Every structure is written in structure tokens, then in C-alpha cells.
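Okay, structure first, notes after.
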Amino acid sequence: MNENKTTPSPWGGWLLHAVIGTGLTAVLAWLAAPPVAVLAAVLAMGIAHEIGDGDFLRVNGGPWNGVRDVVAFLPAPIVLVAIHL
């Protein structure tokens, strides 16, 4: 029996994705980037991250696993765009 084994989170790391998306949004907003550019940058970063993880591949549960993870990055930039409309 392995006592150090932890069960995987039911959130699948989505909270961490949201924190990273929020951090990138905060940095870009502080640098006065236009809100739509912030959304595009966070979206591009999320897509690149998931391509690197291989989450769009069928063997890793893709493409929906990758799509869900990309969406997890987006709450903060969507709020930023909504505030500035």
C-alpha cells in the first residue's frame, strides 16, 4: 500500500489554470494593454499550453479535455473585456 498516494483533484487543475490566467491578465492590464489584446494573449497562451500538454490529442481525452482547460484560463480576461465595453 502506498501511503503517499494522493487522489487526483476533481477540478482537474482548472483552479490553477484560472489563477495563471488571472495573473497574466493582471500583468497585462497593469502594462495598459487593450482589453481585447489581453483576452487574445491569454487565449493564445492557454492554447499553446494545452498543445504542449497534448490535451487536444484523443489519447489524452482530447479535444474536449484541451478545450475545457483553455476555457479555464479565460474568466479574468472576459471580465476585463466586459468592464471596458
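Each chain of the C-alpha cells is named A, B, ... in the order shown, its residues numbered from 1; ligands are numbered from 1 in display order.
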Original post:
Can you tell me, as a PyMOL selection string, what residues are no more than 9 Å from Phe73 (chain A) when counting only C-alpha atoms, ignoring any on the same chain fewer than 2 positions away?
Top reply: chain A and resi 14-22+42-43+45-46+69-71+75-77
Original post:
Just asking: which residues within chain A are alpha helix (DSSP H) according to DSSP, as a PyMOL selection string?
Top reply: chain A and resi 14-30+35-53+64-72+75-83
Subject >> Atom-to-atom span, CA of Pro35 (chain A) and CA of Val81 (chain A), Å >> reply: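 That distance, rounded to one decimal, is 5.1 Å.
Minimum atom-to-atom distances from A:Gly52, A:Pro34, A:Gly13, A:Gly23 to Ala72 (chain A) were compared using only C-alpha atoms, and the lowest value belongs to A:Gly13.
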**OP:** Take CA of Val79 (chain A) and CA of Gly61 (chain A) and report the distance between them in Å, one decimal.
**Re:** 28.6 Å
**OP:** Could you tell me which of A:Ile78, A:Ile51, A:Val59, A:Val27 comes closest to Leu39 (chain A) if we count only C-alpha atoms?
**Re:**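 Result for the nearest residue to Leu39 (chain A): A:Ile78.
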**OP:** Between CA of Ile47 (chain A) and CA of Leu24 (chain A), measure the distance and give it in Å to one decimal.
**Re:** 14.1 Å
